[in-house]
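File shown: protein.csv. Contents: CSV, C-alpha atoms.
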```
chain,number,residue,atom,x,y,z
W,18,SER,CA,-1.3,-12.1,-8.5
W,19,GLN,CA,-1.5,-8.6,-9.8
W,20,GLN,CA,-5.0,-7.2,-10.1
W,21,GLY,CA,-4.7,-3.5,-10.8
W,22,GLU,CA,-2.6,-1.9,-13.5
W,23,GLU,CA,-2.0,1.8,-13.7
W,24,ASP,CA,-1.6,3.7,-16.9
W,25,PRO,CA,0.6,5.6,-17.8
W,26,GLN,CA,3.6,4.2,-15.9
W,27,ALA,CA,5.0,7.8,-15.9
W,28,LEU,CA,3.6,11.2,-16.5
W,29,SER,CA,5.3,14.6,-16.6
W,30,ILE,CA,3.3,17.8,-16.8
W,31,GLN,CA,3.6,21.5,-16.1
W,32,GLU,CA,2.4,23.0,-12.9
W,33,GLY,CA,-1.2,24.1,-13.2
W,34,GLU,CA,-2.2,21.5,-15.7
W,35,ASN,CA,-4.5,18.6,-14.9
W,36,ALA,CA,-3.1,15.1,-14.5
W,37,THR,CA,-5.1,11.9,-15.3
W,38,MET,CA,-4.1,8.4,-14.3
W,39,ASN,CA,-6.0,5.2,-15.0
W,40,CYS,CA,-6.3,1.9,-13.3
W,41,SER,CA,-7.7,-1.3,-14.8
W,42,TYR,CA,-8.5,-4.5,-12.9
W,43,LYS,CA,-9.6,-8.0,-13.7
W,44,THR,CA,-12.2,-9.3,-11.2
W,45,SER,CA,-15.2,-8.1,-9.3
W,46,ILE,CA,-14.4,-5.8,-6.4
W,47,ASN,CA,-16.0,-4.4,-3.3
W,48,ASN,CA,-14.1,-1.1,-3.5
W,49,LEU,CA,-11.1,0.6,-5.2
W,50,GLN,CA,-8.7,2.9,-3.4
W,51,TRP,CA,-6.1,5.4,-4.6
W,52,TYR,CA,-2.9,6.1,-2.6
W,53,ARG,CA,0.0,8.5,-3.0
W,54,GLN,CA,3.6,7.7,-2.2
W,55,ASN,CA,6.2,10.5,-2.0
W,56,SER,CA,9.7,9.5,-2.6
W,57,GLY,CA,11.2,7.6,0.4
W,58,ARG,CA,7.9,7.7,2.3
W,59,GLY,CA,5.0,5.5,3.2
W,60,LEU,CA,1.7,5.4,1.2
W,61,VAL,CA,-1.0,7.9,2.0
W,62,HIS,CA,-4.7,7.1,1.4
W,63,LEU,CA,-6.4,9.5,-1.0
W,64,ILE,CA,-9.9,8.2,-1.9
W,65,LEU,CA,-11.9,5.0,-1.5
W,66,ILE,CA,-14.7,4.5,-4.0
W,67,ARG,CA,-17.2,1.6,-3.5
W,68,SER,CA,-18.4,-0.6,-6.3
W,69,ASN,CA,-21.8,1.0,-6.3
W,70,GLU,CA,-20.4,4.5,-6.7
W,71,ARG,CA,-19.4,6.1,-10.0
W,72,GLU,CA,-17.6,9.3,-8.9
W,73,LYS,CA,-16.1,10.8,-5.9
W,74,HIS,CA,-14.4,14.1,-5.1
W,75,SER,CA,-11.9,15.2,-2.5
W,76,GLY,CA,-10.5,18.7,-2.9
W,77,ARG,CA,-8.6,18.8,-6.2
W,78,LEU,CA,-9.0,15.0,-6.7
W,79,ARG,CA,-11.7,13.4,-8.7
W,80,VAL,CA,-12.1,9.6,-9.0
W,81,THR,CA,-14.4,7.8,-11.3
W,82,LEU,CA,-15.2,4.1,-11.4
W,83,ASP,CA,-16.6,2.1,-14.3
W,84,THR,CA,-17.3,-1.4,-13.1
W,85,SER,CA,-18.5,-2.5,-16.6
W,86,LYS,CA,-15.1,-1.7,-18.0
W,87,LYS,CA,-13.3,-2.6,-14.8
W,88,SER,CA,-11.5,0.6,-14.7
W,89,SER,CA,-11.0,3.8,-12.6
W,90,SER,CA,-9.4,7.1,-13.2
W,91,LEU,CA,-7.8,9.6,-10.9
W,92,LEU,CA,-7.9,13.3,-12.0
W,93,ILE,CA,-5.8,15.9,-10.2
W,94,THR,CA,-6.8,19.4,-11.2
W,95,ALA,CA,-4.5,22.5,-11.1
W,96,SER,CA,-1.4,20.4,-10.3
W,97,ARG,CA,1.2,21.7,-7.9
W,98,ALA,CA,4.9,20.7,-7.4
W,99,ALA,CA,3.9,19.0,-4.2
W,100,ASP,CA,1.8,16.6,-6.2
W,101,THR,CA,5.0,15.0,-7.5
W,102,ALA,CA,4.7,11.4,-6.3
W,103,SER,CA,3.8,7.9,-7.3
W,104,TYR,CA,0.1,7.1,-7.3
W,105,PHE,CA,-1.2,3.6,-6.7
W,106,CYS,CA,-4.6,2.0,-7.1
W,107,ALA,CA,-5.6,-0.9,-5.0
W,108,THR,CA,-8.6,-3.2,-5.4
W,109,ASP,CA,-10.0,-5.8,-3.1
W,110,LEU,CA,-11.3,-9.1,-4.3
W,111,ASP,CA,-15.1,-9.5,-4.1
W,112,SER,CA,-14.7,-12.7,-2.0
W,113,ASN,CA,-12.6,-11.0,0.6
W,114,TYR,CA,-11.1,-7.6,1.3
W,115,GLN,CA,-7.5,-8.3,0.7
W,116,LEU,CA,-6.0,-5.4,-1.3
W,117,ILE,CA,-4.2,-6.1,-4.6
W,118,TRP,CA,-2.0,-3.3,-5.8
W,119,GLY,CA,-0.9,-2.0,-9.2
W,120,ALA,CA,2.6,-0.9,-10.0
W,121,GLY,CA,1.8,2.8,-9.8
W,122,THR,CA,2.0,5.9,-12.0
W,123,LYS,CA,5.0,8.1,-11.3
W,124,LEU,CA,3.8,11.7,-11.7
W,125,ILE,CA,6.3,14.6,-12.1
W,126,ILE,CA,5.1,18.2,-11.9
W,127,LYS,CA,7.5,20.6,-13.5
W,128,PRO,CA,7.6,24.1,-12.1
X,2,ASP,CA,2.0,11.7,17.3
X,3,THR,CA,3.0,9.2,14.7
X,4,ALA,CA,0.0,7.0,13.8
X,5,VAL,CA,1.9,4.0,12.5
X,6,SER,CA,5.6,3.8,13.4
X,7,GLN,CA,8.3,1.3,12.4
X,8,THR,CA,11.8,0.7,13.6
X,9,PRO,CA,14.4,0.7,12.3
X,10,LYS,CA,14.1,2.9,9.3
X,11,TYR,CA,17.2,1.5,7.7
X,12,LEU,CA,18.6,-2.0,8.2
X,13,VAL,CA,21.9,-3.2,6.6
X,14,THR,CA,22.9,-6.7,7.4
X,15,GLN,CA,24.8,-9.7,6.0
X,16,MET,CA,23.4,-12.8,4.4
X,17,GLY,CA,22.5,-15.5,6.9
X,18,ASN,CA,21.7,-13.1,9.8
X,19,ASP,CA,18.4,-12.9,11.6
X,20,LYS,CA,16.7,-9.6,12.1
X,21,SER,CA,13.4,-8.1,13.3
X,22,ILE,CA,11.4,-5.1,12.3
X,23,LYS,CA,8.9,-3.6,14.8
X,24,CYS,CA,5.6,-1.9,14.1
X,25,GLU,CA,3.2,-0.1,16.4
X,26,GLN,CA,0.0,1.8,15.6
X,27,ASN,CA,-1.8,4.1,18.0
X,28,LEU,CA,-5.0,4.4,16.0
X,29,GLY,CA,-6.9,1.7,17.8
X,30,HIS,CA,-7.2,-0.3,14.6
X,31,ASP,CA,-8.1,-3.9,14.6
X,32,THR,CA,-6.2,-5.0,11.5
X,33,MET,CA,-2.5,-4.7,10.8
X,34,TYR,CA,-0.4,-5.7,7.7
X,35,TRP,CA,3.1,-6.3,6.4
X,36,TYR,CA,3.9,-5.4,2.8
X,37,LYS,CA,7.1,-5.8,0.8
X,38,GLN,CA,7.9,-3.2,-1.9
X,39,ASP,CA,10.5,-4.2,-4.4
X,40,SER,CA,12.8,-2.0,-6.4
X,41,LYS,CA,10.2,-1.6,-9.1
X,42,LYS,CA,7.8,-0.1,-6.5
X,43,PHE,CA,5.5,-3.1,-6.8
X,44,LEU,CA,3.7,-3.6,-3.4
X,45,LYS,CA,2.8,-7.1,-2.2
X,46,ILE,CA,0.9,-8.1,0.9
X,47,MET,CA,2.8,-10.6,3.1
X,48,PHE,CA,0.7,-10.9,6.2
X,49,SER,CA,-2.5,-9.5,7.8
X,50,TYR,CA,-3.6,-9.8,11.4
X,51,ASN,CA,-7.0,-9.0,12.8
X,52,ASN,CA,-7.2,-8.7,16.6
X,53,LYS,CA,-3.9,-10.6,16.9
X,54,GLU,CA,-5.1,-13.4,14.7
X,55,LEU,CA,-3.5,-14.2,11.3
X,56,ILE,CA,-6.0,-13.8,8.5
X,57,ILE,CA,-3.8,-13.5,5.4
X,58,ASN,CA,-0.6,-15.4,4.9
X,59,GLU,CA,0.6,-15.0,1.4
X,60,THR,CA,3.2,-17.2,-0.2
X,61,VAL,CA,6.2,-16.0,1.6
X,62,PRO,CA,9.2,-18.1,2.7
X,63,ASN,CA,8.7,-19.5,6.2
X,64,ARG,CA,11.9,-17.6,7.2
X,65,PHE,CA,9.4,-14.7,7.6
X,66,SER,CA,7.4,-14.9,10.8
X,67,PRO,CA,5.1,-12.3,12.1
X,68,LYS,CA,4.3,-11.9,15.7
X,69,SER,CA,1.5,-9.8,17.2
X,70,PRO,CA,1.9,-9.5,21.0
X,71,ASP,CA,-1.2,-7.2,21.2
X,72,LYS,CA,-3.6,-5.4,18.8
X,73,ALA,CA,-1.3,-2.4,18.5
X,74,HIS,CA,1.9,-4.2,17.5
X,75,LEU,CA,2.8,-6.5,14.6
X,76,ASN,CA,6.5,-7.4,14.4
X,77,LEU,CA,8.3,-9.1,11.5
X,78,HIS,CA,11.1,-11.5,12.2
X,79,ILE,CA,13.3,-12.7,9.3
X,80,ASN,CA,15.6,-15.7,9.7
X,81,SER,CA,18.6,-16.6,7.5
X,82,LEU,CA,18.4,-13.4,5.4
X,83,GLU,CA,19.0,-13.7,1.7
X,84,LEU,CA,20.0,-11.1,-1.0
X,85,GLY,CA,16.5,-11.3,-2.5
X,86,ASP,CA,15.1,-10.1,0.8
X,87,SER,CA,16.4,-6.6,0.1
X,88,ALA,CA,13.4,-4.3,-0.2
X,89,VAL,CA,11.4,-1.8,1.6
X,90,TYR,CA,9.0,-3.3,4.1
X,91,PHE,CA,5.9,-1.4,5.1
X,92,CYS,CA,3.6,-1.9,8.1
X,93,ALA,CA,0.0,-0.7,7.8
X,94,SER,CA,-3.2,-0.7,9.8
X,95,SER,CA,-6.9,-0.2,9.2
X,96,GLN,CA,-10.1,-0.2,11.2
X,97,ASP,CA,-10.9,-3.5,9.6
X,98,GLN,CA,-10.2,-5.0,6.2
X,99,ARG,CA,-13.0,-3.0,4.4
X,100,TYR,CA,-11.4,0.4,5.1
X,101,GLU,CA,-8.5,2.5,4.1
X,102,GLN,CA,-5.1,1.6,5.3
X,103,TYR,CA,-2.6,3.8,7.2
X,104,PHE,CA,1.1,3.1,6.4
X,105,GLY,CA,4.2,3.4,8.4
X,106,PRO,CA,7.3,5.2,6.9
X,107,GLY,CA,8.9,1.9,5.8
X,108,THR,CA,12.0,0.0,6.7
X,109,ARG,CA,14.7,-0.2,3.9
X,110,LEU,CA,16.4,-3.6,4.3
X,111,THR,CA,19.6,-4.2,2.5
X,112,VAL,CA,21.2,-7.6,2.6
X,113,THR,CA,24.9,-7.8,1.6
```
Target encoding structure tokens, full file:
Amino acid sequence: SQQGEEDPQALSIQEGENATMNCSYKTSINNLQWYRQNSGRGLVHLILIRSNEREKHSGRLRVTLDTSKKSSSLLITASRAADTASYFCATDLDSNYQLIWGAGTKLIIKP
Amino acid sequence: DTAVSQTPKYLVTQMGNDKSIKCEQNLGHDTMYWYKQDSKKFLKIMFSYNNKELIINETVPNRFSPKSPDKAHLNLHINSLELGDSAVYFCASSQDQRYEQYFGPGTRLTVT
């Protein structure tokens, strides 16, 4: 069953702008992860945030987690053309660690 | 030094054939996975192995059979291929189920 849902489905912005993607989920989780997939490639792990954490940073990436709203957001600051990709959130069910994936947000950075 | 590798990258075959996809990881991870990504980019877990033992077996047709000869390898064999099997199949590995996963480049399977 689908657990995570990303919003928006697609996002197109100018290079240098910030991009924000959201993920909502339905049940209690142990952690939430964000991955990037460039066209025709495998997924690359970006950030893992645990259920007891509220915010995490990695370079130009900032992830927040609100367990009361069952939602997370991924912010990419000062976007670059190379950030063009699909971004997926994945949550694991509290009872086990099996990852359930959303359908992804397709991000296009216009030069 | 590819961390997670899959072969072949592309596989075109006819309905009814049997095919295999191989996966190897050199990260020393204990857990390996097979995923199917459909045309809408939706990613679904098929199987998960931990130390050569099956731990997740989602509802997939029994035409799909994973085989783990050792901790570093998880192969996927598919019997009697159908049109609906056309998709991109990804292998992944992780230290264990609680940690981030590392993905292979994918195998694009086209059944004609």
Closest pair table for chain W residues within 8 Å of chain X, all atoms listed in the file, as CSV:
```
residue,atom,partner,partner_atom,distance
W:Gln50,CA,X:Glu101,CA,7.5
W:Gly57,CA,X:Pro106,CA,8.0
W:Arg58,CA,X:Pro106,CA,5.3
W:Gly59,CA,X:Pro106,CA,4.4
W:Leu60,CA,X:Phe104,CA,5.7
W:Val61,CA,X:Tyr103,CA,6.8
W:His62,CA,X:Glu101,CA,6.5
W:Leu65,CA,X:Glu101,CA,7.0
W:Tyr114,CA,X:Gln98,CA,5.6
W:Gln115,CA,X:Gln98,CA,7.0
W:Leu116,CA,X:Ile46,CA,7.7
W:Ile117,CA,X:Lys45,CA,7.5
W:Trp118,CA,X:Leu44,CA,6.2
W:Gly119,CA,X:Phe43,CA,6.9
W:Ala120,CA,X:Phe43,CA,4.8
W:Gly121,CA,X:Lys42,CA,7.4
```
Residues just named, written with C-alpha atoms as a PDB file, keeping the file's coordinate frame:
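For reference, part00.pdb as written:
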```
ATOM      1  CA  GLN W  50      -8.700   2.900  -3.400  1.00  0.00           C
ATOM      2  CA  GLY W  57      11.200   7.600   0.400  1.00  0.00           C
ATOM      3  CA  ARG W  58       7.900   7.700   2.300  1.00  0.00           C
ATOM      4  CA  GLY W  59       5.000   5.500   3.200  1.00  0.00           C
ATOM      5  CA  LEU W  60       1.700   5.400   1.200  1.00  0.00           C
ATOM      6  CA  VAL W  61      -1.000   7.900   2.000  1.00  0.00           C
ATOM      7  CA  HIS W  62      -4.700   7.100   1.400  1.00  0.00           C
ATOM      8  CA  LEU W  65     -11.900   5.000  -1.500  1.00  0.00           C
ATOM      9  CA  TYR W 114     -11.100  -7.600   1.300  1.00  0.00           C
ATOM     10  CA  GLN W 115      -7.500  -8.300   0.700  1.00  0.00           C
ATOM     11  CA  LEU W 116      -6.000  -5.400  -1.300  1.00  0.00           C
ATOM     12  CA  ILE W 117      -4.200  -6.100  -4.600  1.00  0.00           C
ATOM     13  CA  TRP W 118      -2.000  -3.300  -5.800  1.00  0.00           C
ATOM     14  CA  GLY W 119      -0.900  -2.000  -9.200  1.00  0.00           C
ATOM     15  CA  ALA W 120       2.600  -0.900 -10.000  1.00  0.00           C
ATOM     16  CA  GLY W 121       1.800   2.800  -9.800  1.00  0.00           C
TER      17      GLY W 121
END
```
Excluding range 93-104 of chain W and its own-chain neighbours fewer than 3 positions away, which residues fall within 12 Å of it when counting only C-alpha atoms? Please give them as a PyMOL selection string.
(chain W and resi 22-40+50-64+74-81+90+107+118-128) or (chain X and resi 41-44)
Selection from above, C-alpha atoms, as a PDB file, in the frame of the given file, can you write it?
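Dumped everything to again_30.pdb:
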```pdb
ATOM      1  CA  GLU W  22      -2.600  -1.900 -13.500  1.00  0.00           C
ATOM      2  CA  GLU W  23      -2.000   1.800 -13.700  1.00  0.00           C
ATOM      3  CA  ASP W  24      -1.600   3.700 -16.900  1.00  0.00           C
ATOM      4  CA  PRO W  25       0.600   5.600 -17.800  1.00  0.00           C
ATOM      5  CA  GLN W  26       3.600   4.200 -15.900  1.00  0.00           C
ATOM      6  CA  ALA W  27       5.000   7.800 -15.900  1.00  0.00           C
ATOM      7  CA  LEU W  28       3.600  11.200 -16.500  1.00  0.00           C
ATOM      8  CA  SER W  29       5.300  14.600 -16.600  1.00  0.00           C
ATOM      9  CA  ILE W  30       3.300  17.800 -16.800  1.00  0.00           C
ATOM     10  CA  GLN W  31       3.600  21.500 -16.100  1.00  0.00           C
ATOM     11  CA  GLU W  32       2.400  23.000 -12.900  1.00  0.00           C
ATOM     12  CA  GLY W  33      -1.200  24.100 -13.200  1.00  0.00           C
ATOM     13  CA  GLU W  34      -2.200  21.500 -15.700  1.00  0.00           C
ATOM     14  CA  ASN W  35      -4.500  18.600 -14.900  1.00  0.00           C
ATOM     15  CA  ALA W  36      -3.100  15.100 -14.500  1.00  0.00           C
ATOM     16  CA  THR W  37      -5.100  11.900 -15.300  1.00  0.00           C
ATOM     17  CA  MET W  38      -4.100   8.400 -14.300  1.00  0.00           C
ATOM     18  CA  ASN W  39      -6.000   5.200 -15.000  1.00  0.00           C
ATOM     19  CA  CYS W  40      -6.300   1.900 -13.300  1.00  0.00           C
ATOM     20  CA  GLN W  50      -8.700   2.900  -3.400  1.00  0.00           C
ATOM     21  CA  TRP W  51      -6.100   5.400  -4.600  1.00  0.00           C
ATOM     22  CA  TYR W  52      -2.900   6.100  -2.600  1.00  0.00           C
ATOM     23  CA  ARG W  53       0.000   8.500  -3.000  1.00  0.00           C
ATOM     24  CA  GLN W  54       3.600   7.700  -2.200  1.00  0.00           C
ATOM     25  CA  ASN W  55       6.200  10.500  -2.000  1.00  0.00           C
ATOM     26  CA  SER W  56       9.700   9.500  -2.600  1.00  0.00           C
ATOM     27  CA  GLY W  57      11.200   7.600   0.400  1.00  0.00           C
ATOM     28  CA  ARG W  58       7.900   7.700   2.300  1.00  0.00           C
ATOM     29  CA  GLY W  59       5.000   5.500   3.200  1.00  0.00           C
ATOM     30  CA  LEU W  60       1.700   5.400   1.200  1.00  0.00           C
ATOM     31  CA  VAL W  61      -1.000   7.900   2.000  1.00  0.00           C
ATOM     32  CA  HIS W  62      -4.700   7.100   1.400  1.00  0.00           C
ATOM     33  CA  LEU W  63      -6.400   9.500  -1.000  1.00  0.00           C
ATOM     34  CA  ILE W  64      -9.900   8.200  -1.900  1.00  0.00           C
ATOM     35  CA  HIS W  74     -14.400  14.100  -5.100  1.00  0.00           C
ATOM     36  CA  SER W  75     -11.900  15.200  -2.500  1.00  0.00           C
ATOM     37  CA  GLY W  76     -10.500  18.700  -2.900  1.00  0.00           C
ATOM     38  CA  ARG W  77      -8.600  18.800  -6.200  1.00  0.00           C
ATOM     39  CA  LEU W  78      -9.000  15.000  -6.700  1.00  0.00           C
ATOM     40  CA  ARG W  79     -11.700  13.400  -8.700  1.00  0.00           C
ATOM     41  CA  VAL W  80     -12.100   9.600  -9.000  1.00  0.00           C
ATOM     42  CA  THR W  81     -14.400   7.800 -11.300  1.00  0.00           C
ATOM     43  CA  SER W  90      -9.400   7.100 -13.200  1.00  0.00           C
ATOM     44  CA  ALA W 107      -5.600  -0.900  -5.000  1.00  0.00           C
ATOM     45  CA  TRP W 118      -2.000  -3.300  -5.800  1.00  0.00           C
ATOM     46  CA  GLY W 119      -0.900  -2.000  -9.200  1.00  0.00           C
ATOM     47  CA  ALA W 120       2.600  -0.900 -10.000  1.00  0.00           C
ATOM     48  CA  GLY W 121       1.800   2.800  -9.800  1.00  0.00           C
ATOM     49  CA  THR W 122       2.000   5.900 -12.000  1.00  0.00           C
ATOM     50  CA  LYS W 123       5.000   8.100 -11.300  1.00  0.00           C
ATOM     51  CA  LEU W 124       3.800  11.700 -11.700  1.00  0.00           C
ATOM     52  CA  ILE W 125       6.300  14.600 -12.100  1.00  0.00           C
ATOM     53  CA  ILE W 126       5.100  18.200 -11.900  1.00  0.00           C
ATOM     54  CA  LYS W 127       7.500  20.600 -13.500  1.00  0.00           C
ATOM     55  CA  PRO W 128       7.600  24.100 -12.100  1.00  0.00           C
TER      56      PRO W 128
ATOM     57  CA  LYS X  41      10.200  -1.600  -9.100  1.00  0.00           C
ATOM     58  CA  LYS X  42       7.800  -0.100  -6.500  1.00  0.00           C
ATOM     59  CA  PHE X  43       5.500  -3.100  -6.800  1.00  0.00           C
ATOM     60  CA  LEU X  44       3.700  -3.600  -3.400  1.00  0.00           C
TER      61      LEU X  44
END
```
To one decimal place in Å, what is the distance between CA of Thr14 in chain X and CA of Thr113 in chain X?
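Taking CA of Thr14 in chain X as the start and CA of Thr113 in chain X as the end point, the length is 6.2 Å.
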Interatomic distance, CA of Leu12 in chain X to CA of Val112 in chain X (Å, one decimal):
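CA of Val112 in chain X lies 8.3 Å from CA of Leu12 in chain X.
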Contacts of Val61 in chain X within 12 Å, only C-alpha atoms, excl. fewer than 2 positions in-chain, as an MDAnalysis selection string:
chainID X and resid 35:37 45:48 57:59 63:67 79 86
Residues near Pro70 in chain X, cut-off 9 Å, all atoms listed in the file, skip fewer than 5 positions along chain, as a VMD selection string:
chain X and resid 53 75 to 76
Between W:Thr44, W:Ser85, W:Thr108, W:Leu91, which one has atoms that come closest to Arg67 in chain W, using only C-alpha atoms?
W:Thr108
For Gly29 in chain X, the nearest of the candidates X:Gln96, X:Asn51, X:Ser6, X:Thr111, counting only C-alpha atoms:
X:Gln96
Can you measure CA of Tyr50 in chain X to CA of His74 in chain X for me? One decimal in Å is fine.
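Distance reported for this atom pair: 9.9 Å.
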Of the candidates X:Gly17, X:Ala73, X:Glu54, X:Tyr34, which one gets nearest to Gly85 in chain X if we count all atoms listed in the file?
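Selected residue with least distance to Gly85 in chain X: X:Gly17.
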How big is the axis-aligned box, and where does its centre sit, when it encloses all atoms of range 93-96 of chain W listed in the file and has 5 Å added on every side, reported in Å to one decimal as AutoDock Vina command-line options?
```
--center_x -4.1 --center_y 19.2 --center_z -10.7 --size_x 15.4 --size_y 16.6 --size_z 11.0
```
Check the smallest atom-to-atom distance from each of X:Ser81, X:Asn18, X:Ser94, X:Ser69 to His30 in chain X using all atoms listed in the file, then report the winner.
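So, comparing all the options, the nearest one is X:Ser94.
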